[in-house]
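K.L.:
Sharing final.cif here; it has mmCIF, C-alpha atoms.
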```
data_query
#
loop_
_atom_site.label_atom_id
_atom_site.label_comp_id
_atom_site.auth_asym_id
_atom_site.auth_seq_id
_atom_site.Cartn_x
_atom_site.Cartn_y
_atom_site.Cartn_z
CA MET U 1 16.70 22.72 22.39
CA GLU U 2 15.14 19.27 22.45
CA ASP U 3 15.38 17.13 19.33
CA PHE U 4 12.25 16.52 17.28
CA ALA U 5 11.21 13.17 18.80
CA ALA U 6 11.67 14.44 22.35
CA ALA U 7 9.90 17.73 21.68
CA TYR U 8 6.93 16.51 19.67
CA GLY U 9 7.02 12.73 19.33
CA ASP U 10 4.02 12.13 21.59
CA ARG U 11 1.96 14.80 19.85
CA VAL U 12 2.81 13.44 16.39
CA ARG U 13 1.62 10.04 17.57
CA ALA U 14 -1.65 11.39 18.98
CA PHE U 15 -2.26 13.46 15.84
CA ALA U 16 -1.70 10.46 13.54
CA GLU U 17 -3.90 8.18 15.65
CA ARG U 18 -6.75 10.67 15.57
CA LEU U 19 -6.45 11.13 11.81
CA VAL U 20 -6.63 7.36 11.23
CA ARG U 21 -9.96 7.32 13.06
CA PHE U 22 -11.49 9.55 10.36
CA GLU U 23 -12.79 7.45 7.47
CA THR U 24 -11.56 9.85 4.81
CA THR U 25 -12.48 7.98 1.65
CA ALA U 26 -13.40 9.99 -1.44
CA GLY U 27 -16.04 12.59 -0.62
CA ASP U 28 -15.77 12.14 3.15
CA GLU U 29 -12.72 14.29 3.86
CA ALA U 30 -14.51 17.33 5.31
CA PRO U 31 -14.79 16.31 9.00
CA ALA U 32 -11.11 15.41 9.16
CA GLN U 33 -10.12 18.59 7.37
CA GLU U 34 -12.09 20.72 9.82
CA TRP U 35 -10.26 18.95 12.63
CA VAL U 36 -6.87 19.49 10.97
CA ARG U 37 -7.62 23.17 10.39
CA ASP U 38 -8.56 23.63 14.03
CA ARG U 39 -5.41 21.88 15.21
CA LEU U 40 -3.28 24.06 12.93
CA ALA U 41 -4.92 27.13 14.38
CA ASP U 42 -4.25 25.82 17.91
CA LEU U 43 -0.57 25.55 16.95
CA ASP U 44 -0.54 29.19 15.79
CA PHE U 45 -0.54 28.50 12.05
CA GLU U 46 -2.41 30.95 9.86
CA THR U 47 -4.93 28.73 8.10
CA TYR U 48 -6.22 28.62 4.53
CA THR U 49 -9.02 26.56 2.98
CA TRP U 50 -9.88 25.93 -0.68
CA THR U 51 -12.07 23.60 -2.70
CA ALA U 52 -11.33 22.46 -6.24
CA ASP U 53 -13.49 23.94 -8.99
CA ALA U 54 -14.89 21.05 -11.04
CA ASP U 55 -15.36 23.24 -14.12
CA ALA U 56 -11.76 24.44 -13.99
CA LEU U 57 -10.46 20.90 -13.59
CA ALA U 58 -12.55 19.63 -16.51
CA SER U 59 -10.10 21.28 -18.93
CA HIS U 60 -7.04 20.04 -17.04
CA PRO U 61 -5.15 17.26 -18.91
CA SER U 62 -5.34 14.98 -15.88
CA PHE U 63 -9.11 15.21 -15.56
CA ALA U 64 -10.40 15.75 -19.10
CA SER U 65 -11.33 12.05 -19.43
CA ALA U 66 -12.64 11.68 -15.90
CA GLY U 67 -16.31 12.50 -16.53
CA ASP U 68 -18.20 14.19 -13.71
CA LEU U 69 -15.86 15.21 -10.92
CA SER U 70 -17.09 15.27 -7.34
CA THR U 71 -15.41 18.22 -5.63
CA GLU U 72 -18.19 19.66 -3.48
CA ASP U 73 -17.58 19.50 0.28
CA ARG U 74 -14.03 18.21 -0.26
CA PRO U 75 -11.93 21.02 1.20
CA SER U 76 -8.16 21.20 1.31
CA VAL U 77 -6.57 23.07 4.19
CA ALA U 78 -3.17 24.51 4.97
CA GLY U 79 -1.32 26.23 7.76
CA VAL U 80 1.40 28.84 7.36
CA LEU U 81 4.14 29.75 9.82
CA GLU U 82 6.09 32.95 9.14
CA LEU U 83 9.70 33.18 10.24
CA GLY U 84 11.65 36.41 10.74
CA ASP U 85 10.93 38.68 7.78
CA PRO U 86 8.84 36.27 5.67
CA ASP U 87 9.03 38.36 2.50
CA ALA U 88 12.82 38.40 2.67
CA GLY U 89 13.13 34.60 2.50
CA ARG U 90 11.87 31.57 0.69
CA THR U 91 8.64 29.61 1.12
CA LEU U 92 8.70 25.83 1.49
CA VAL U 93 5.56 23.68 1.26
CA LEU U 94 5.28 20.39 3.15
CA ASN U 95 2.45 18.50 1.48
CA GLY U 96 0.36 15.52 2.52
CA HIS U 97 -3.05 14.17 1.55
CA VAL U 98 -5.78 13.29 4.01
CA ASP U 99 -7.85 10.98 1.79
CA VAL U 100 -7.46 7.21 1.74
CA VAL U 101 -8.57 4.34 -0.47
CA PRO U 102 -11.47 2.20 0.80
CA ALA U 103 -10.48 -0.39 3.36
CA GLY U 104 -12.59 -3.26 2.00
CA GLU U 105 -14.14 -5.88 4.21
CA SER U 106 -11.58 -8.69 4.25
CA GLY U 107 -7.97 -9.24 5.23
CA TRP U 108 -7.90 -6.88 8.20
CA THR U 109 -7.17 -8.24 11.66
CA GLY U 110 -9.00 -5.33 13.28
CA ASP U 111 -11.09 -2.27 12.51
CA PRO U 112 -9.25 -0.42 9.70
CA PHE U 113 -10.16 2.93 11.21
CA GLU U 114 -9.23 2.14 14.78
CA PRO U 115 -5.46 2.67 15.09
CA ARG U 116 -3.55 -0.04 16.87
CA TRP U 117 0.07 -0.86 17.54
CA ASP U 118 2.00 -3.95 16.51
CA GLY U 119 5.29 -3.44 18.29
CA ASP U 120 6.70 -0.23 16.85
CA ARG U 121 4.30 -0.21 13.89
CA LEU U 122 1.16 1.92 13.65
CA VAL U 123 -1.56 -0.12 11.90
CA GLY U 124 -4.67 1.33 10.24
CA ARG U 125 -5.95 2.63 6.94
CA GLY U 126 -3.87 5.67 6.08
CA ALA U 127 -1.07 4.83 8.53
CA VAL U 128 1.50 4.86 5.72
CA ASP U 129 -0.50 6.56 2.95
CA MET U 130 -0.24 9.11 4.39
CA LYS U 131 -1.62 10.32 7.69
CA SER U 132 1.54 9.64 9.70
CA GLN U 133 3.50 11.77 7.24
CA LEU U 134 0.95 14.55 7.45
CA ALA U 135 1.25 14.53 11.23
CA THR U 136 5.02 14.70 11.13
CA CYS U 137 4.90 17.59 8.61
CA VAL U 138 2.74 19.61 10.98
CA PHE U 139 5.06 19.23 13.92
CA ALA U 140 8.27 19.48 11.90
CA ALA U 141 7.16 22.95 10.85
CA ARG U 142 6.13 23.82 14.40
CA HIS U 143 9.43 22.56 15.82
CA LEU U 144 11.52 24.66 13.46
CA ALA U 145 9.44 27.75 14.26
CA ASP U 146 9.95 27.07 17.97
CA ARG U 147 13.71 26.99 17.48
CA VAL U 148 13.65 30.24 15.50
CA GLU U 149 11.54 31.90 18.19
CA ALA U 150 13.99 30.65 20.83
CA GLY U 151 16.83 32.35 18.95
CA GLU U 152 18.55 29.12 17.96
CA PHE U 153 18.30 29.99 14.26
CA ASP U 154 17.97 33.27 12.41
CA LEU U 155 15.70 32.51 9.45
CA ASP U 156 13.44 34.45 7.11
CA GLY U 157 10.67 32.87 5.10
CA ARG U 158 7.59 30.70 5.44
CA ILE U 159 6.71 27.07 5.99
CA VAL U 160 3.39 25.87 4.61
CA VAL U 161 1.83 22.57 5.69
CA GLU U 162 -0.87 21.32 3.34
CA SER U 163 -3.52 18.68 3.98
CA VAL U 164 -5.08 18.18 0.56
CA ALA U 165 -8.16 16.21 -0.46
CA GLY U 166 -8.70 13.91 -3.40
CA GLU U 167 -5.14 12.75 -4.06
CA GLU U 168 -6.36 9.22 -4.71
CA ASP U 169 -8.79 10.71 -7.27
CA GLY U 170 -5.95 12.31 -9.19
CA GLY U 171 -4.99 15.15 -6.89
CA LEU U 172 -8.02 17.42 -6.69
CA GLY U 173 -6.70 19.65 -3.91
CA ALA U 174 -3.14 19.84 -5.22
CA ALA U 175 -4.26 20.49 -8.79
CA ALA U 176 -6.49 23.32 -7.59
CA ALA U 177 -3.64 24.81 -5.55
CA ALA U 178 -1.33 24.59 -8.56
CA LEU U 179 -3.85 26.15 -10.96
CA SER U 180 -4.90 28.96 -8.62
CA ASN U 181 -2.50 29.80 -5.81
CA PRO U 182 -4.57 29.87 -2.57
CA TYR U 183 -1.94 31.98 -0.77
CA PRO U 184 -1.04 35.68 -1.02
CA PHE U 185 2.61 34.77 -1.65
CA GLU U 186 4.61 32.61 -4.05
CA ARG U 187 5.90 29.11 -3.31
CA ASP U 188 9.57 28.37 -3.96
CA ALA U 189 9.67 24.60 -3.47
CA ALA U 190 7.75 21.69 -1.98
CA VAL U 191 8.26 18.33 -0.34
CA VAL U 192 5.49 15.77 -0.88
CA ALA U 193 5.85 13.36 2.04
CA GLU U 194 4.60 10.17 0.37
CA PRO U 195 6.16 6.87 1.52
CA THR U 196 9.48 6.58 -0.34
CA ASP U 197 11.29 4.23 2.05
CA MET U 198 13.29 7.32 3.07
CA ARG U 199 14.64 7.78 -0.46
CA VAL U 200 15.02 11.05 -2.34
CA VAL U 201 12.56 10.78 -5.24
CA THR U 202 12.99 13.39 -7.97
CA ALA U 203 11.05 11.55 -10.69
CA THR U 204 7.57 10.03 -10.50
CA GLU U 205 5.95 7.92 -13.15
CA GLY U 206 2.76 8.84 -14.91
CA CYS U 207 -0.01 6.51 -15.96
CA LEU U 208 -2.44 6.25 -18.81
CA MET U 209 -5.84 4.83 -17.92
CA GLY U 210 -7.46 3.10 -20.87
CA ARG U 211 -10.50 1.00 -21.67
CA ILE U 212 -10.42 -1.76 -24.30
CA GLY U 213 -13.65 -2.87 -25.93
CA ILE U 214 -14.03 -6.21 -27.70
CA GLU U 215 -17.13 -7.34 -29.59
CA GLY U 216 -18.06 -10.92 -30.41
CA THR U 217 -21.29 -12.67 -31.37
CA PRO U 218 -23.56 -13.74 -28.52
CA ALA U 219 -25.43 -17.03 -28.73
CA HIS U 220 -27.34 -19.44 -26.53
CA ALA U 221 -24.96 -21.71 -24.65
CA ALA U 222 -26.79 -24.74 -26.05
CA ARG U 223 -25.67 -23.61 -29.51
CA ARG U 224 -22.37 -22.06 -28.64
CA TRP U 225 -20.95 -22.78 -32.09
CA GLU U 226 -23.40 -20.23 -33.46
CA GLY U 227 -21.60 -17.45 -31.59
CA GLU U 228 -18.09 -16.08 -31.17
CA SER U 229 -16.85 -15.64 -27.62
CA VAL U 230 -14.87 -12.52 -26.81
CA LEU U 231 -12.59 -14.45 -24.46
CA PRO U 232 -10.11 -15.90 -27.00
CA GLY U 233 -9.80 -12.45 -28.54
CA PHE U 234 -9.20 -10.94 -25.13
CA GLU U 235 -6.47 -13.48 -24.43
CA ARG U 236 -4.69 -12.41 -27.63
CA VAL U 237 -5.04 -8.77 -26.60
CA ARG U 238 -3.81 -9.51 -23.08
CA GLN U 239 -0.71 -11.26 -24.44
CA ALA U 240 -0.05 -8.37 -26.82
CA PHE U 241 -0.01 -5.90 -23.92
CA LYS U 242 2.23 -8.22 -21.92
CA ASP U 243 4.63 -8.15 -24.87
CA LEU U 244 4.31 -4.36 -25.08
CA GLU U 245 5.31 -4.08 -21.42
CA ALA U 246 8.47 -6.13 -22.09
CA GLU U 247 9.27 -4.13 -25.22
CA ARG U 248 8.90 -0.84 -23.40
CA ALA U 249 11.11 -2.04 -20.54
CA ASP U 250 13.93 -2.49 -23.08
CA ALA U 251 13.23 0.48 -25.34
CA VAL U 252 12.29 3.21 -22.84
CA THR U 253 15.16 3.80 -20.44
CA HIS U 254 15.78 6.25 -17.62
CA PRO U 255 18.80 6.26 -15.29
CA LEU U 256 16.67 6.66 -12.15
CA TYR U 257 14.68 3.50 -12.93
CA ASP U 258 17.48 0.99 -13.45
CA ARG U 259 16.58 -0.84 -10.25
CA PHE U 260 13.20 -1.93 -11.65
CA ASP U 261 12.88 -5.03 -13.83
CA VAL U 262 9.48 -3.70 -14.94
CA PRO U 263 9.90 0.07 -14.94
CA TRP U 264 6.69 0.91 -16.84
CA PRO U 265 4.10 -1.65 -15.67
CA ILE U 266 0.98 -2.45 -17.66
CA VAL U 267 -1.82 -3.90 -15.56
CA ILE U 268 -5.26 -4.96 -16.74
CA GLY U 269 -7.03 -4.39 -13.47
CA ARG U 270 -10.67 -4.91 -14.37
CA VAL U 271 -12.47 -7.11 -16.89
CA GLU U 272 -16.22 -7.43 -17.48
CA ALA U 273 -17.54 -9.83 -20.10
CA GLY U 274 -20.89 -11.28 -21.12
CA THR U 275 -24.33 -10.82 -19.66
CA TRP U 276 -25.44 -14.30 -18.56
CA ALA U 277 -23.81 -17.60 -17.62
CA SER U 278 -25.87 -19.45 -20.22
CA ASN U 279 -24.82 -17.19 -23.11
CA VAL U 280 -21.71 -17.02 -25.25
CA PRO U 281 -20.15 -13.70 -24.10
CA GLY U 282 -20.52 -11.18 -26.91
CA THR U 283 -19.06 -8.06 -25.25
CA LEU U 284 -16.02 -7.36 -23.11
CA ALA U 285 -14.63 -4.23 -21.47
CA ALA U 286 -11.17 -4.27 -19.94
CA GLU U 287 -9.61 -1.40 -18.01
CA LEU U 288 -5.86 -1.05 -17.82
CA ARG U 289 -3.14 1.17 -16.40
CA VAL U 290 -0.03 1.82 -18.46
CA GLY U 291 3.07 3.32 -16.86
CA VAL U 292 4.38 6.53 -18.44
CA ALA U 293 8.10 7.26 -18.11
CA PRO U 294 9.40 10.69 -17.09
CA GLY U 295 9.80 12.62 -20.31
CA GLU U 296 7.13 10.63 -22.15
CA SER U 297 3.80 12.12 -23.10
CA LEU U 298 0.45 10.50 -22.46
CA ASP U 299 -0.33 10.91 -26.16
CA SER U 300 2.71 8.91 -27.25
CA VAL U 301 1.88 6.08 -24.85
CA GLU U 302 -1.73 6.07 -26.05
CA ALA U 303 -0.44 5.79 -29.62
CA ALA U 304 1.63 2.74 -28.63
CA CYS U 305 -1.47 1.13 -27.12
CA ARG U 306 -3.48 1.77 -30.26
CA GLU U 307 -0.71 0.38 -32.46
CA THR U 308 -0.68 -2.75 -30.30
CA LEU U 309 -4.39 -3.26 -30.80
CA ASP U 310 -4.11 -2.53 -34.53
CA ALA U 311 -1.45 -5.23 -34.83
CA VAL U 312 -3.70 -7.78 -33.09
CA ALA U 313 -6.59 -6.81 -35.35
CA ALA U 314 -4.42 -7.22 -38.45
CA GLU U 315 -3.26 -10.68 -37.41
CA GLU U 316 -6.64 -12.09 -36.42
CA SER U 317 -10.05 -12.38 -37.99
CA TRP U 318 -12.91 -10.71 -36.16
CA SER U 319 -16.53 -11.43 -36.92
CA VAL U 320 -17.40 -7.85 -35.99
CA ASP U 321 -15.37 -4.69 -35.45
CA PRO U 322 -11.78 -5.04 -34.12
CA PRO U 323 -10.93 -4.01 -30.53
CA THR U 324 -11.30 -0.37 -29.53
CA PHE U 325 -9.34 1.82 -27.13
CA GLU U 326 -10.28 4.97 -25.24
CA ARG U 327 -8.98 6.89 -22.28
CA PHE U 328 -11.11 7.02 -19.16
CA GLY U 329 -10.80 8.34 -15.64
CA VAL U 330 -7.92 10.41 -14.32
CA GLN U 331 -4.67 10.55 -16.29
CA PHE U 332 -1.38 11.02 -14.45
CA ALA U 333 1.42 12.89 -16.19
CA SER U 334 4.95 11.98 -15.18
CA ALA U 335 7.10 14.52 -13.35
CA GLU U 336 10.79 15.12 -12.82
CA ILE U 337 13.03 17.83 -11.42
CA GLU U 338 16.78 18.30 -11.70
CA ALA U 339 18.95 16.75 -9.02
CA ASP U 340 20.67 20.08 -8.36
CA GLU U 341 17.53 21.92 -7.26
CA PRO U 342 18.13 23.69 -3.90
CA VAL U 343 15.32 21.75 -2.20
CA VAL U 344 16.93 18.46 -3.26
CA ALA U 345 20.32 19.56 -1.93
CA ALA U 346 18.75 20.67 1.35
CA LEU U 347 17.02 17.31 1.74
CA GLN U 348 20.17 15.32 0.92
CA GLU U 349 22.21 17.31 3.42
CA ALA U 350 19.52 16.89 6.09
CA MET U 351 19.41 13.14 5.51
CA ALA U 352 23.18 12.87 5.78
CA ALA U 353 23.09 14.90 9.00
CA SER U 354 20.56 12.39 10.36
CA GLY U 355 22.75 9.42 9.49
CA LEU U 356 20.79 8.26 6.44
CA SER U 357 22.95 7.04 3.60
CA ALA U 358 20.58 6.53 0.63
CA THR U 359 20.65 10.17 -0.50
CA ALA U 360 21.13 9.73 -4.26
CA PRO U 361 18.02 10.78 -6.21
CA THR U 362 15.87 7.99 -7.60
CA GLY U 363 12.60 7.51 -9.43
CA GLU U 364 9.35 5.79 -8.45
CA THR U 365 6.81 3.83 -10.47
CA TYR U 366 3.85 5.55 -8.84
CA GLY U 367 2.46 9.02 -9.39
CA SER U 368 2.00 11.70 -6.77
CA ASP U 369 0.73 15.24 -6.28
CA ALA U 370 4.28 16.40 -7.00
CA ARG U 371 3.39 16.49 -10.69
CA HIS U 372 0.88 19.29 -10.21
CA TYR U 373 3.40 21.53 -8.45
CA VAL U 374 6.19 20.71 -10.90
CA ALA U 375 3.84 21.62 -13.77
CA ALA U 376 3.21 24.97 -12.01
CA GLY U 377 6.95 25.67 -11.88
CA ILE U 378 7.42 24.73 -8.21
CA PRO U 379 10.38 22.33 -7.76
CA THR U 380 9.03 19.41 -5.75
CA VAL U 381 10.79 16.41 -4.25
CA VAL U 382 9.06 13.35 -2.79
CA PHE U 383 10.35 11.99 0.52
CA GLY U 384 8.80 10.20 3.44
CA PRO U 385 8.79 7.23 5.81
CA GLY U 386 7.27 3.88 4.96
CA ARG U 387 7.15 1.70 1.88
CA ILE U 388 4.63 1.94 -0.93
CA GLU U 389 4.27 -1.85 -0.69
CA GLU U 390 2.49 -1.27 2.64
CA ALA U 391 -0.11 1.09 1.13
CA HIS U 392 -3.62 0.18 -0.10
CA PHE U 393 -3.46 -3.22 1.61
CA PRO U 394 -5.14 -4.79 4.67
CA ASP U 395 -3.30 -4.08 7.91
CA GLU U 396 -1.54 -1.10 6.35
CA SER U 397 1.27 -0.02 8.68
CA VAL U 398 4.33 2.15 9.13
CA ARG U 399 7.34 1.85 11.45
CA TRP U 400 7.06 4.65 13.97
CA PRO U 401 10.80 5.27 14.54
CA GLU U 402 11.04 5.97 10.81
CA VAL U 403 8.22 8.52 11.04
CA LEU U 404 10.06 10.41 13.76
CA THR U 405 13.35 10.24 11.86
CA ALA U 406 11.58 11.67 8.82
CA GLY U 407 10.26 14.49 10.99
CA ALA U 408 13.77 15.39 12.10
CA VAL U 409 14.92 15.29 8.47
CA LEU U 410 12.11 17.63 7.42
CA VAL U 411 13.03 20.09 10.19
CA GLU U 412 16.62 20.17 8.98
CA THR U 413 15.57 20.27 5.30
CA ALA U 414 13.43 23.34 5.94
CA ARG U 415 16.18 24.99 7.97
CA ARG U 416 18.76 24.49 5.25
CA PHE U 417 16.45 25.51 2.43
CA LEU U 418 15.34 28.67 4.20
CA SER U 419 18.93 29.48 5.26
CA ASP U 420 19.89 29.81 1.61
#
```
Take the structure I supplied and represent it as structure tokens, if you would.
P.N.:
Amino acid sequence: MEDFAAAYGDRVRAFAERLVRFETTAGDEAPAQEWVRDRLADLDFETYTWTADADALASHPSFASAGDLSTEDRPSVAGVLELGDPDAGRTLVLNGHVDVVPAGESGWTGDPFEPRWDGDRLVGRGAVDMKSQLATCVFAARHLADRVEAGEFDLDGRIVVESVAGEEDGGLGAAAAALSNPYPFERDAAVVAEPTDMRVVTATEGCLMGRIGIEGTPAHAARRWEGESVLPGFERVRQAFKDLEAERADAVTHPLYDRFDVPWPIVIGRVEAGTWASNVPGTLAAELRVGVAPGESLDSVEAACRETLDAVAAEESWSVDPPTFERFGVQFASAEIEADEPVVAALQEAMAASGLSATAPTGETYGSDARHYVAAGIPTVVFGPGRIEEAHFPDESVRWPEVLTAGAVLVETARRFLSD
């Protein structure tokens, strides 16, 4: 039997290129998902489609602070291949998301949604996050089924390939699949094929999204001494959160995060102050992301943020109310599974069989859809080609040989997991 690259390498490439051409930003996933569903059907997968229920998600801890959720016309799709006696074996899910972050208008050397090649690198929005991985999941499943049908392996069970929507919005499709199983069978484990630099990731960080409000006293710029600018107060708050980040790096430890100097980053990503250039700014809103360690709760991290603001308020004089804090948007819980889960062992063995050496489990500072499946009791490991540093940036790219190696690893991971 041909190896994965020889059997399906060209089709993985064509599939990934076509997916990149779909501009699948939030709310625009449907055309690509219809195409994926049709391709799965062409490859003899049994297909499933579901859409997240906004009302059901409104009570979910991840989405309770998100306000109005847009889920209409944002389908998630999946394909299922049954092997041998499917009810006598396990079910493994290979998960990828089809949505991408906006490309922006600057920094790209070409059309973000027209795939192009730079040597052995595929360049385009979604190339590494994560349309190449989705393509390789599809054909990894198909390749293993081919080998079973050819009599090379005797396996029972199922392989599910998911193309979910809304991951960048907190995991709409995955959360819906975790809350209400879209299949008429149970799922035993999953691999989320996010870019991990071909590492075995068993722990993913959560994040608290918060909004800080600061009030000052506005005044005409010609009489600025009559007002109180919010900017000095914001600088004190910003420094306090910088100190909190350093304190948490020392106080909150986890063995899978030792390689990070800043394991639980705090980033103030958006600031809006004042209303007019000729006025002393009297209002400020700052939005920040606070990393949440595996094992920590969002509530405990929120309490630390509030204590930080309370300390600033106690040390400084404020002409009006002290700074405020509230959650907003999607909240990401952290997730972790044990290193001895069967799906982790199968992945480690498959990597070793492919000549990859970095098989020890590690943690990542980003969140993923893995958390939804872990919360539903489905052991989920994160593994895929590419580096997160390449995602969400102009000229996003992934090394193609790594994509094909990952495909071979997923074939062998599924074989070993289903063999047990």
K.L.:
If you apply the PyMOL selection byres ((chain U and resi 201-217) around 7) to this file, what residues do you get, as a PyMOL selection string?
P.N.:
chain U and resi 199-200+218-219+227-230+282-294+298+319-337+339+361-368+381-383
K.L.:
Can you list what the PyMOL selection byres ((chain U and resi 384) around 12) grabs from this structure, as a ChimeraX atom specification?
P.N.:
/U:94-96,128-137,191-201,347,351,381-383,385-388,398-399,402-410
K.L.:
Using only C-alpha atoms, can you list as a PyMOL selection string the residues within 10 Å of (3.6, 22.5, -11.9)?
P.N.:
chain U and resi 174-175+177-179+335+369-380
K.L.:
Which residue, U:Ala64, U:Ala273, U:Ala141, U:Val252, has the smallest gap to Ala414 of chain U when you use all atoms listed in the file?
P.N.:
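Nearest to Ala414 of chain U: U:Ala141.
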K.L.:
Can you tell me, as a list of chain:residue names, what residues are no more than 8 Å from Asp73 of chain U when counting all atoms listed in the file, ignoring any on the same chain fewer than 6 positions away?
P.N.:
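That gives U:Gly27, U:Glu29, U:Ala30, U:Thr51.
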K.L.:
Specify as a ChimeraX atom specification each residue included when the PyMOL selection byres ((chain U and resi 346) around 8) is applied to this file.
P.N.:
/U:342-345,347-350,412-414,416-417
K.L.:
Do you have the atom CA of Ser180 of chain U-atom CA of Ala58 of chain U distance handy?
P.N.:
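According to the coordinates, atom CA of Ser180 of chain U and atom CA of Ala58 of chain U are separated by 14.4 Å.
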K.L.:
Could you give me, as a PDB file with C-alpha atoms, in the frame of the given file, the residues within 8 Å of Asp120 of chain U, counting all atoms listed in the file and dropping anything in the same chain fewer than 3 positions from it?
P.N.:
```pdb
ATOM      1  CA  TRP U 117       0.070  -0.860  17.540  1.00  0.00           C
ATOM      2  CA  ARG U 399       7.340   1.850  11.450  1.00  0.00           C
ATOM      3  CA  TRP U 400       7.060   4.650  13.970  1.00  0.00           C
ATOM      4  CA  PRO U 401      10.800   5.270  14.540  1.00  0.00           C
TER       5      PRO U 401
END
```
K.L.:
What's the separation between atom CA of Arg187 of chain U and atom CA of Tyr8 of chain U, in Å to one decimal place?
P.N.:
26.2 Å
K.L.:
Interatomic distance between atom CA of Leu81 of chain U and atom CA of Val164 of chain U?
P.N.:
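Between atom CA of Leu81 of chain U and atom CA of Val164 of chain U the gap works out to 17.5 Å.
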K.L.:
Go through U:Arg74, U:Arg142, U:Arg270, U:Arg259 and flag the residue nearest Glu167 of chain U, using only C-alpha atoms for the distances.
P.N.:
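Ranked by minimum distance to Glu167 of chain U, first place goes to U:Arg74.
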K.L.:
With only C-alpha atoms as the counted atoms, please give the residues lying no more than 8 Å from Leu19 of chain U, apart from itself and same-chain residues fewer than 3 positions off, as a list in words.
P.N.:
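Within the cut-off, the hits are Phe15, Ala16, Phe22, Ala32 and Lys131 of chain U.
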K.L.:
Given all atoms listed in the file as the basis, pick out the residue of U:Tyr183, U:Phe4, U:Trp264, U:Trp35 nearest to Val98 of chain U.
P.N.:
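Of U:Tyr183, U:Phe4, U:Trp264, U:Trp35, the one nearest Val98 of chain U, counting all atoms listed in the file, is U:Trp35.
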K.L.:
Nearest residue to Leu231 of chain U out of U:Pro263, U:Gly104, U:Gly274, U:Gly151, using only C-alpha atoms?
P.N.:
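The answer is U:Gly274, which sits nearest to Leu231 of chain U.
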K.L.:
So which one's closest to Ala313 of chain U, U:Val20, U:Ala189, U:Val237, U:Ala358? Using all atoms listed in the file, please.
P.N.:
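Of U:Val20, U:Ala189, U:Val237, U:Ala358, the one nearest Ala313 of chain U, counting all atoms listed in the file, is U:Val237.
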K.L.:
Could you check the closest approach to Leu172 of chain U for each of U:Ala6, U:Leu40, U:Ala52, U:Ala78 and tell me which residue wins, using only C-alpha atoms?
P.N.:
U:Ala52
K.L.:
Enumerate, as JSON, numbers by chain, the protein, DNA and RNA residues whose atoms approach (1.6, 27.7, 4.9) to within 12 Å, taking into account only C-alpha atoms and the coordinate frame of the file.
P.N.:
{"U": [37, 40, 41, 44, 45, 46, 47, 48, 49, 77, 78, 79, 80, 81, 82, 83, 86, 90, 91, 92, 93, 94, 95, 137, 138, 141, 142, 157, 158, 159, 160, 161, 162, 163, 181, 182, 183, 184, 185, 186, 187, 188, 190]}
K.L.:
Padding of 6 Å on every side, edges along x, y and z, all listed atoms of segment 281-289 of chain U included: what centre and edge lengths in Å, to one decimal, does that box have, as lines of an AutoDock Vina configuration file?
P.N.:
```
center_x = -11.8
center_y = -6.3
center_z = -21.7
size_x = 29.4
size_y = 26.9
size_z = 22.5
```
K.L.:
I'd like the contact shell of Asp154 of chain U - 9 Å cut-off, only C-alpha atoms, skipping same-chain residues fewer than 4 positions apart - returned as a PyMOL selection string.
P.N.:
chain U and resi 83-84+148-149+419
